Amino acid sequence: MLARAMDDILAQSFSRWEVIVVNDGGEPTPVDEVLAARAEPLAGRAQLIHRPVSGGMEAASNAGVQASSGQYVSIHDDDDTWDPEFLAATVGHLEANPDALAVAAATEIVVERVEGTTLVDIERRPFVPPGELVSLFDLLTQNRVVPIGLLVRRTVLDELGGYDESLDVVGDWDFNLRLVTRG
């Protein structure tokens, strides 16, 4: 899935990005090979962090954020993909709205099955943040914004202390609750 995720990032129409790949306890060689196969288009824009022991999604996300230098941050897991205009649209929104802390985009949940070396779609369903603004009320009942659909100002992420590494799951939901109470 990492190869697909890297190709997805490389296909973005917005080209001023950096990618921090965090291998969270996985075998290093396959990750090295995926990045080596894309060395030319990734030149100067990719950094790889091998964590020998998995610390979980929250710790891996924080490690990537800490290593990054960009003004905006999005978490792109290896099993996720973006529309080719995702970064152009979300960065454009934040640049046009300097008071906005983050922007969330509608996403599609895709359930896949691995068959050999192929991913087979099983189900697709829309997962759309409600309305123009995501409120605390919206988030109290369900995590309405998944990491792949969120672009956050780096300064805000730092102010909020990143993702809570003490949580085994739903660290993104916890982060979104803290984000929406900030503004």
# chains A, B, ... in the order shown; residues from 1 in each chain; ligands from 1
>>> select_by_dssp(residues="segment 48-109 of chain A", states="strand (DSSP E)", output="NGL selection string")
:A and (48-51 or 72-73 or 102-104 or 107-109)
>>> residues_around(residues="Arg154 of chain A", least_positions_apart="4", cutoff="7 Å", atoms="only C-alpha atoms", output="PDB file with all heavy atoms, in the first residue's frame")
ATOM      1  N   GLN A  71       4.276  24.489   6.562  1.00  0.00           N
ATOM      2  CA  GLN A  71       3.328  25.370   7.222  1.00  0.00           C
ATOM      3  C   GLN A  71       2.014  24.651   7.524  1.00  0.00           C
ATOM      4  O   GLN A  71       1.283  25.023   8.430  1.00  0.00           O
ATOM      5  CB  GLN A  71       3.069  26.564   6.301  1.00  0.00           C
ATOM      6  CG  GLN A  71       2.173  27.607   6.836  1.00  0.00           C
ATOM      7  CD  GLN A  71       2.024  28.778   5.863  1.00  0.00           C
ATOM      8  OE1 GLN A  71       2.631  28.818   4.801  1.00  0.00           O
ATOM      9  NE2 GLN A  71       1.197  29.725   6.238  1.00  0.00           N
ATOM     10  N   TYR A  72       1.713  23.604   6.745  1.00  0.00           N
ATOM     11  CA  TYR A  72       0.482  22.843   6.890  1.00  0.00           C
ATOM     12  C   TYR A  72       0.828  21.369   7.040  1.00  0.00           C
ATOM     13  O   TYR A  72       1.839  20.904   6.512  1.00  0.00           O
ATOM     14  CB  TYR A  72      -0.422  23.020   5.667  1.00  0.00           C
ATOM     15  CG  TYR A  72      -0.676  24.467   5.312  1.00  0.00           C
ATOM     16  CD1 TYR A  72      -0.165  25.002   4.141  1.00  0.00           C
ATOM     17  CD2 TYR A  72      -1.418  25.290   6.144  1.00  0.00           C
ATOM     18  CE1 TYR A  72      -0.394  26.324   3.808  1.00  0.00           C
ATOM     19  CE2 TYR A  72      -1.649  26.612   5.818  1.00  0.00           C
ATOM     20  CZ  TYR A  72      -1.134  27.136   4.646  1.00  0.00           C
ATOM     21  OH  TYR A  72      -1.361  28.444   4.333  1.00  0.00           O
ATOM     22  N   VAL A  73      -0.054  20.627   7.724  1.00  0.00           N
ATOM     23  CA  VAL A  73       0.195  19.203   7.970  1.00  0.00           C
ATOM     24  C   VAL A  73      -1.067  18.403   7.672  1.00  0.00           C
ATOM     25  O   VAL A  73      -2.173  18.805   8.030  1.00  0.00           O
ATOM     26  CB  VAL A  73       0.618  18.960   9.441  1.00  0.00           C
ATOM     27  CG1 VAL A  73       0.738  17.473   9.735  1.00  0.00           C
ATOM     28  CG2 VAL A  73       1.915  19.677   9.759  1.00  0.00           C
ATOM     29  N   ASP A 158       1.002  22.311  16.739  1.00  0.00           N
ATOM     30  CA  ASP A 158       2.000  22.436  17.803  1.00  0.00           C
ATOM     31  C   ASP A 158       1.374  22.973  19.085  1.00  0.00           C
ATOM     32  O   ASP A 158       1.658  22.478  20.181  1.00  0.00           O
ATOM     33  CB  ASP A 158       3.141  23.351  17.361  1.00  0.00           C
ATOM     34  CG  ASP A 158       4.024  22.723  16.294  1.00  0.00           C
ATOM     35  OD1 ASP A 158       3.996  21.482  16.121  1.00  0.00           O
ATOM     36  OD2 ASP A 158       4.755  23.485  15.612  1.00  0.00           O
TER      37      ASP A 158
END
>>> closest_residue(among="A:Glu159, A:Leu151, A:Pro30, A:Asp83", to="Glu95 of chain A", atoms="only C-alpha atoms")
A:Leu151
>>> residues_around(residues="Glu18 of chain A", least_positions_apart="4", cutoff="9 Å", atoms="only C-alpha atoms", output="list in words")
Leu42, Gly44, Arg45, Ala46, Gln47, Ser68, Ser69 and Gly70 of chain A
>>> write_last_selection(atoms="N, CA, C and O atoms", output="PDB file, in the first residue's frame")
ATOM      1  N   LEU A  42      11.030  12.276  -5.793  1.00  0.00           N
ATOM      2  CA  LEU A  42      10.994  12.640  -4.383  1.00  0.00           C
ATOM      3  C   LEU A  42      12.217  13.437  -3.933  1.00  0.00           C
ATOM      4  O   LEU A  42      12.253  13.906  -2.802  1.00  0.00           O
ATOM      5  N   GLY A  44      14.814  15.626  -2.516  1.00  0.00           N
ATOM      6  CA  GLY A  44      14.746  16.827  -1.710  1.00  0.00           C
ATOM      7  C   GLY A  44      13.407  17.072  -1.031  1.00  0.00           C
ATOM      8  O   GLY A  44      13.249  18.067  -0.328  1.00  0.00           O
ATOM      9  N   ARG A  45      12.436  16.176  -1.236  1.00  0.00           N
ATOM     10  CA  ARG A  45      11.108  16.393  -0.655  1.00  0.00           C
ATOM     11  C   ARG A  45      10.668  15.256   0.255  1.00  0.00           C
ATOM     12  O   ARG A  45       9.542  15.274   0.738  1.00  0.00           O
ATOM     13  N   ALA A  46      11.528  14.277   0.472  1.00  0.00           N
ATOM     14  CA  ALA A  46      11.133  13.116   1.271  1.00  0.00           C
ATOM     15  C   ALA A  46      12.155  12.841   2.357  1.00  0.00           C
ATOM     16  O   ALA A  46      13.358  13.019   2.168  1.00  0.00           O
ATOM     17  N   GLN A  47      11.641  12.414   3.488  1.00  0.00           N
ATOM     18  CA  GLN A  47      12.470  12.020   4.609  1.00  0.00           C
ATOM     19  C   GLN A  47      11.885  10.719   5.156  1.00  0.00           C
ATOM     20  O   GLN A  47      10.667  10.559   5.192  1.00  0.00           O
ATOM     21  N   SER A  68       8.860  17.435  10.190  1.00  0.00           N
ATOM     22  CA  SER A  68       8.442  18.241   9.043  1.00  0.00           C
ATOM     23  C   SER A  68       8.809  19.712   9.215  1.00  0.00           C
ATOM     24  O   SER A  68       9.052  20.175  10.321  1.00  0.00           O
ATOM     25  N   SER A  69       8.800  20.426   8.103  1.00  0.00           N
ATOM     26  CA  SER A  69       9.102  21.855   8.145  1.00  0.00           C
ATOM     27  C   SER A  69       8.008  22.691   7.499  1.00  0.00           C
ATOM     28  O   SER A  69       8.125  23.904   7.428  1.00  0.00           O
ATOM     29  N   GLY A  70       6.950  22.057   7.038  1.00  0.00           N
ATOM     30  CA  GLY A  70       5.903  22.762   6.314  1.00  0.00           C
ATOM     31  C   GLY A  70       5.000  23.592   7.202  1.00  0.00           C
ATOM     32  O   GLY A  70       4.928  23.410   8.414  1.00  0.00           O
TER      33      GLY A  70
END
>>> closest_residue(among="A:Asp24, A:Ala5, A:Ala100, A:Ala89", to="Thr155 of chain A", atoms="only C-alpha atoms")
A:Ala100
>>> atom_distance(atom1="atom CA of Gly92 of chain A", atom2="atom CA of Arg178 of chain A")
23.7 Å
>>> residues_around(residues="Pro84 of chain A", least_positions_apart="6", cutoff="7 Å", atoms="only C-alpha atoms", output="list in words")
Ala11, Gln12 and Ser13 of chain A
>>> write_last_selection(atoms="all heavy atoms", output="PDB file, in the first residue's frame")
ATOM      1  N   ALA A  11       1.173  12.474  -7.432  1.00  0.00           N
ATOM      2  CA  ALA A  11       0.177  12.871  -8.437  1.00  0.00           C
ATOM      3  C   ALA A  11      -0.549  14.164  -8.082  1.00  0.00           C
ATOM      4  O   ALA A  11      -1.393  14.634  -8.858  1.00  0.00           O
ATOM      5  CB  ALA A  11      -0.836  11.739  -8.627  1.00  0.00           C
ATOM      6  N   GLN A  12      -0.253  14.752  -6.930  1.00  0.00           N
ATOM      7  CA  GLN A  12      -0.927  15.986  -6.537  1.00  0.00           C
ATOM      8  C   GLN A  12      -0.595  17.121  -7.506  1.00  0.00           C
ATOM      9  O   GLN A  12       0.557  17.297  -7.906  1.00  0.00           O
ATOM     10  CB  GLN A  12      -0.519  16.395  -5.115  1.00  0.00           C
ATOM     11  CG  GLN A  12      -1.085  15.506  -4.032  1.00  0.00           C
ATOM     12  CD  GLN A  12      -2.598  15.593  -3.996  1.00  0.00           C
ATOM     13  OE1 GLN A  12      -3.178  16.640  -3.741  1.00  0.00           O
ATOM     14  NE2 GLN A  12      -3.237  14.474  -4.268  1.00  0.00           N
ATOM     15  N   SER A  13      -1.596  17.920  -7.877  1.00  0.00           N
ATOM     16  CA  SER A  13      -1.361  19.071  -8.756  1.00  0.00           C
ATOM     17  C   SER A  13      -0.589  20.163  -8.010  1.00  0.00           C
ATOM     18  O   SER A  13       0.135  20.933  -8.625  1.00  0.00           O
ATOM     19  CB  SER A  13      -2.679  19.622  -9.295  1.00  0.00           C
ATOM     20  OG  SER A  13      -3.460  20.155  -8.241  1.00  0.00           O
TER      21      SER A  13
END
>>> select_by_dssp(residues="segment 113-181 of chain A", states="alpha helix (DSSP H)", output="JSON, numbers by chain")
{"A": [136, 137, 138, 139, 140, 141, 154, 155, 156, 157, 158, 159, 171, 172, 173, 174, 175, 176, 177, 178, 179, 180, 181]}
>>> write_last_selection(atoms="N, CA, C and O atoms", output="mmCIF file, in the first residue's frame")
data_model
loop_
_atom_site.group_PDB
_atom_site.id
_atom_site.type_symbol
_atom_site.label_atom_id
_atom_site.label_comp_id
_atom_site.auth_asym_id
_atom_site.auth_seq_id
_atom_site.Cartn_x
_atom_site.Cartn_y
_atom_site.Cartn_z
ATOM 1 N N LEU A 136 -18.350 21.302 17.749
ATOM 2 C CA LEU A 136 -18.122 20.387 18.859
ATOM 3 C C LEU A 136 -19.284 19.408 18.960
ATOM 4 O O LEU A 136 -19.078 18.211 19.174
ATOM 5 N N PHE A 137 -20.494 19.891 18.775
ATOM 6 C CA PHE A 137 -21.670 19.020 18.807
ATOM 7 C C PHE A 137 -21.541 17.894 17.779
ATOM 8 O O PHE A 137 -21.814 16.732 18.069
ATOM 9 N N ASP A 138 -21.114 18.245 16.553
ATOM 10 C CA ASP A 138 -20.937 17.235 15.504
ATOM 11 C C ASP A 138 -19.951 16.156 15.939
ATOM 12 O O ASP A 138 -20.146 14.973 15.676
ATOM 13 N N LEU A 139 -18.887 16.572 16.601
ATOM 14 C CA LEU A 139 -17.815 15.649 16.957
ATOM 15 C C LEU A 139 -18.075 14.858 18.234
ATOM 16 O O LEU A 139 -17.395 13.867 18.487
ATOM 17 N N LEU A 140 -19.025 15.295 19.034
ATOM 18 C CA LEU A 140 -19.279 14.573 20.282
ATOM 19 C C LEU A 140 -19.890 13.200 20.046
ATOM 20 O O LEU A 140 -19.693 12.279 20.842
ATOM 21 N N THR A 141 -20.612 13.042 18.959
ATOM 22 C CA THR A 141 -21.268 11.759 18.702
ATOM 23 C C THR A 141 -20.483 10.864 17.766
ATOM 24 O O THR A 141 -20.629 9.645 17.810
ATOM 25 N N ARG A 154 0.311 24.073 10.892
ATOM 26 C CA ARG A 154 1.341 23.487 11.757
ATOM 27 C C ARG A 154 1.387 24.184 13.117
ATOM 28 O O ARG A 154 1.535 23.533 14.159
ATOM 29 N N THR A 155 1.235 25.496 13.138
ATOM 30 C CA THR A 155 1.288 26.233 14.399
ATOM 31 C C THR A 155 0.187 25.772 15.354
ATOM 32 O O THR A 155 0.411 25.659 16.557
ATOM 33 N N VAL A 156 -0.983 25.494 14.827
ATOM 34 C CA VAL A 156 -2.108 25.044 15.656
ATOM 35 C C VAL A 156 -1.844 23.635 16.173
ATOM 36 O O VAL A 156 -2.082 23.331 17.341
ATOM 37 N N LEU A 157 -1.337 22.780 15.304
ATOM 38 C CA LEU A 157 -1.013 21.412 15.723
ATOM 39 C C LEU A 157 -0.005 21.442 16.864
ATOM 40 O O LEU A 157 -0.155 20.726 17.863
ATOM 41 N N ASP A 158 1.002 22.311 16.739
ATOM 42 C CA ASP A 158 2.000 22.436 17.803
ATOM 43 C C ASP A 158 1.374 22.973 19.085
ATOM 44 O O ASP A 158 1.658 22.478 20.181
ATOM 45 N N GLU A 159 0.515 23.990 18.972
ATOM 46 C CA GLU A 159 -0.145 24.565 20.146
ATOM 47 C C GLU A 159 -0.979 23.522 20.895
ATOM 48 O O GLU A 159 -1.041 23.535 22.119
ATOM 49 N N GLY A 171 -6.986 8.508 18.488
ATOM 50 C CA GLY A 171 -6.166 9.696 18.721
ATOM 51 C C GLY A 171 -6.546 10.834 17.794
ATOM 52 O O GLY A 171 -6.450 12.004 18.165
ATOM 53 N N ASP A 172 -6.991 10.497 16.584
ATOM 54 C CA ASP A 172 -7.422 11.541 15.655
ATOM 55 C C ASP A 172 -8.716 12.186 16.138
ATOM 56 O O ASP A 172 -8.904 13.396 16.008
ATOM 57 N N TRP A 173 -9.613 11.404 16.718
ATOM 58 C CA TRP A 173 -10.865 11.952 17.246
ATOM 59 C C TRP A 173 -10.560 12.894 18.413
ATOM 60 O O TRP A 173 -11.081 14.010 18.488
ATOM 61 N N ASP A 174 -9.704 12.446 19.311
ATOM 62 C CA ASP A 174 -9.285 13.293 20.427
ATOM 63 C C ASP A 174 -8.686 14.599 19.901
ATOM 64 O O ASP A 174 -9.016 15.683 20.384
ATOM 65 N N PHE A 175 -7.813 14.502 18.907
ATOM 66 C CA PHE A 175 -7.204 15.699 18.333
ATOM 67 C C PHE A 175 -8.279 16.618 17.735
ATOM 68 O O PHE A 175 -8.256 17.833 17.948
ATOM 69 N N ASN A 176 -9.219 16.042 17.005
ATOM 70 C CA ASN A 176 -10.272 16.855 16.387
ATOM 71 C C ASN A 176 -11.120 17.566 17.431
ATOM 72 O O ASN A 176 -11.525 18.719 17.232
ATOM 73 N N LEU A 177 -11.394 16.906 18.548
ATOM 74 C CA LEU A 177 -12.140 17.555 19.630
ATOM 75 C C LEU A 177 -11.357 18.743 20.188
ATOM 76 O O LEU A 177 -11.933 19.818 20.421
ATOM 77 N N ARG A 178 -10.062 18.564 20.391
ATOM 78 C CA ARG A 178 -9.249 19.667 20.878
ATOM 79 C C ARG A 178 -9.151 20.776 19.844
ATOM 80 O O ARG A 178 -9.172 21.967 20.178
ATOM 81 N N LEU A 179 -9.074 20.400 18.580
ATOM 82 C CA LEU A 179 -8.979 21.380 17.496
ATOM 83 C C LEU A 179 -10.244 22.239 17.421
ATOM 84 O O LEU A 179 -10.171 23.464 17.347
ATOM 85 N N VAL A 180 -11.402 21.600 17.463
ATOM 86 C CA VAL A 180 -12.658 22.347 17.314
ATOM 87 C C VAL A 180 -12.923 23.239 18.542
ATOM 88 O O VAL A 180 -13.564 24.284 18.411
ATOM 89 N N THR A 181 -12.411 22.866 19.714
ATOM 90 C CA THR A 181 -12.599 23.749 20.869
ATOM 91 C C THR A 181 -11.633 24.933 20.814
ATOM 92 O O THR A 181 -11.857 25.942 21.479
#
>>> atom_distance(atom1="atom CA of Ala60 of chain A", atom2="atom CA of Val103 of chain A")
21.8 Å
>>> decode(residues="segment 68-119 of chain A", atoms="C-alpha atoms", output="PDB file, in the first residue's frame")
ATOM      1  CA  SER A  68       8.442  18.241   9.043  1.00  0.00           C
ATOM      2  CA  SER A  69       9.102  21.855   8.145  1.00  0.00           C
ATOM      3  CA  GLY A  70       5.903  22.762   6.314  1.00  0.00           C
ATOM      4  CA  GLN A  71       3.328  25.370   7.222  1.00  0.00           C
ATOM      5  CA  TYR A  72       0.482  22.843   6.890  1.00  0.00           C
ATOM      6  CA  VAL A  73       0.195  19.203   7.970  1.00  0.00           C
ATOM      7  CA  SER A  74      -1.933  16.283   6.842  1.00  0.00           C
ATOM      8  CA  ILE A  75      -1.659  12.666   7.932  1.00  0.00           C
ATOM      9  CA  HIS A  76      -1.596  10.355   4.901  1.00  0.00           C
ATOM     10  CA  ASP A  77      -1.664   6.719   6.010  1.00  0.00           C
ATOM     11  CA  ASP A  78      -0.369   4.123   3.582  1.00  0.00           C
ATOM     12  CA  ASP A  79      -3.867   2.765   2.966  1.00  0.00           C
ATOM     13  CA  ASP A  80      -5.291   6.182   2.020  1.00  0.00           C
ATOM     14  CA  THR A  81      -5.471   8.167  -1.206  1.00  0.00           C
ATOM     15  CA  TRP A  82      -6.293  11.769  -2.126  1.00  0.00           C
ATOM     16  CA  ASP A  83      -8.015  13.327  -5.063  1.00  0.00           C
ATOM     17  CA  PRO A  84      -5.226  14.880  -7.214  1.00  0.00           C
ATOM     18  CA  GLU A  85      -6.552  18.351  -6.282  1.00  0.00           C
ATOM     19  CA  PHE A  86      -6.720  17.759  -2.507  1.00  0.00           C
ATOM     20  CA  LEU A  87      -3.634  19.759  -1.569  1.00  0.00           C
ATOM     21  CA  ALA A  88      -4.328  22.540  -4.078  1.00  0.00           C
ATOM     22  CA  ALA A  89      -7.869  22.968  -2.764  1.00  0.00           C
ATOM     23  CA  THR A  90      -7.105  22.709   0.956  1.00  0.00           C
ATOM     24  CA  VAL A  91      -3.948  24.830   0.905  1.00  0.00           C
ATOM     25  CA  GLY A  92      -5.793  27.354  -1.244  1.00  0.00           C
ATOM     26  CA  HIS A  93      -8.608  27.483   1.312  1.00  0.00           C
ATOM     27  CA  LEU A  94      -6.266  28.063   4.248  1.00  0.00           C
ATOM     28  CA  GLU A  95      -4.303  30.717   2.368  1.00  0.00           C
ATOM     29  CA  ALA A  96      -7.539  32.510   1.430  1.00  0.00           C
ATOM     30  CA  ASN A  97      -8.862  32.236   5.006  1.00  0.00           C
ATOM     31  CA  PRO A  98      -6.047  33.195   7.383  1.00  0.00           C
ATOM     32  CA  ASP A  99      -8.297  32.849  10.450  1.00  0.00           C
ATOM     33  CA  ALA A 100      -9.137  29.206   9.652  1.00  0.00           C
ATOM     34  CA  LEU A 101      -7.171  26.755  11.781  1.00  0.00           C
ATOM     35  CA  ALA A 102      -7.781  23.772   9.531  1.00  0.00           C
ATOM     36  CA  VAL A 103      -9.886  22.598   6.620  1.00  0.00           C
ATOM     37  CA  ALA A 104     -11.703  19.277   6.281  1.00  0.00           C
ATOM     38  CA  ALA A 105     -12.730  17.703   3.000  1.00  0.00           C
ATOM     39  CA  ALA A 106     -15.366  15.153   2.205  1.00  0.00           C
ATOM     40  CA  THR A 107     -13.906  11.676   2.024  1.00  0.00           C
ATOM     41  CA  GLU A 108     -14.926   8.279   0.806  1.00  0.00           C
ATOM     42  CA  ILE A 109     -14.423   5.270   3.035  1.00  0.00           C
ATOM     43  CA  VAL A 110     -13.082   2.399   0.939  1.00  0.00           C
ATOM     44  CA  VAL A 111     -13.041  -1.123   2.322  1.00  0.00           C
ATOM     45  CA  GLU A 112     -10.475  -3.262   0.523  1.00  0.00           C
ATOM     46  CA  ARG A 113      -9.208  -6.813   0.623  1.00  0.00           C
ATOM     47  CA  VAL A 114      -5.687  -7.899  -0.277  1.00  0.00           C
ATOM     48  CA  GLU A 115      -5.597 -10.693  -2.839  1.00  0.00           C
ATOM     49  CA  GLY A 116      -1.979 -11.557  -3.510  1.00  0.00           C
ATOM     50  CA  THR A 117      -0.425  -8.271  -4.585  1.00  0.00           C
ATOM     51  CA  THR A 118      -3.731  -6.680  -5.612  1.00  0.00           C
ATOM     52  CA  LEU A 119      -6.160  -4.581  -3.598  1.00  0.00           C
TER      53      LEU A 119
END
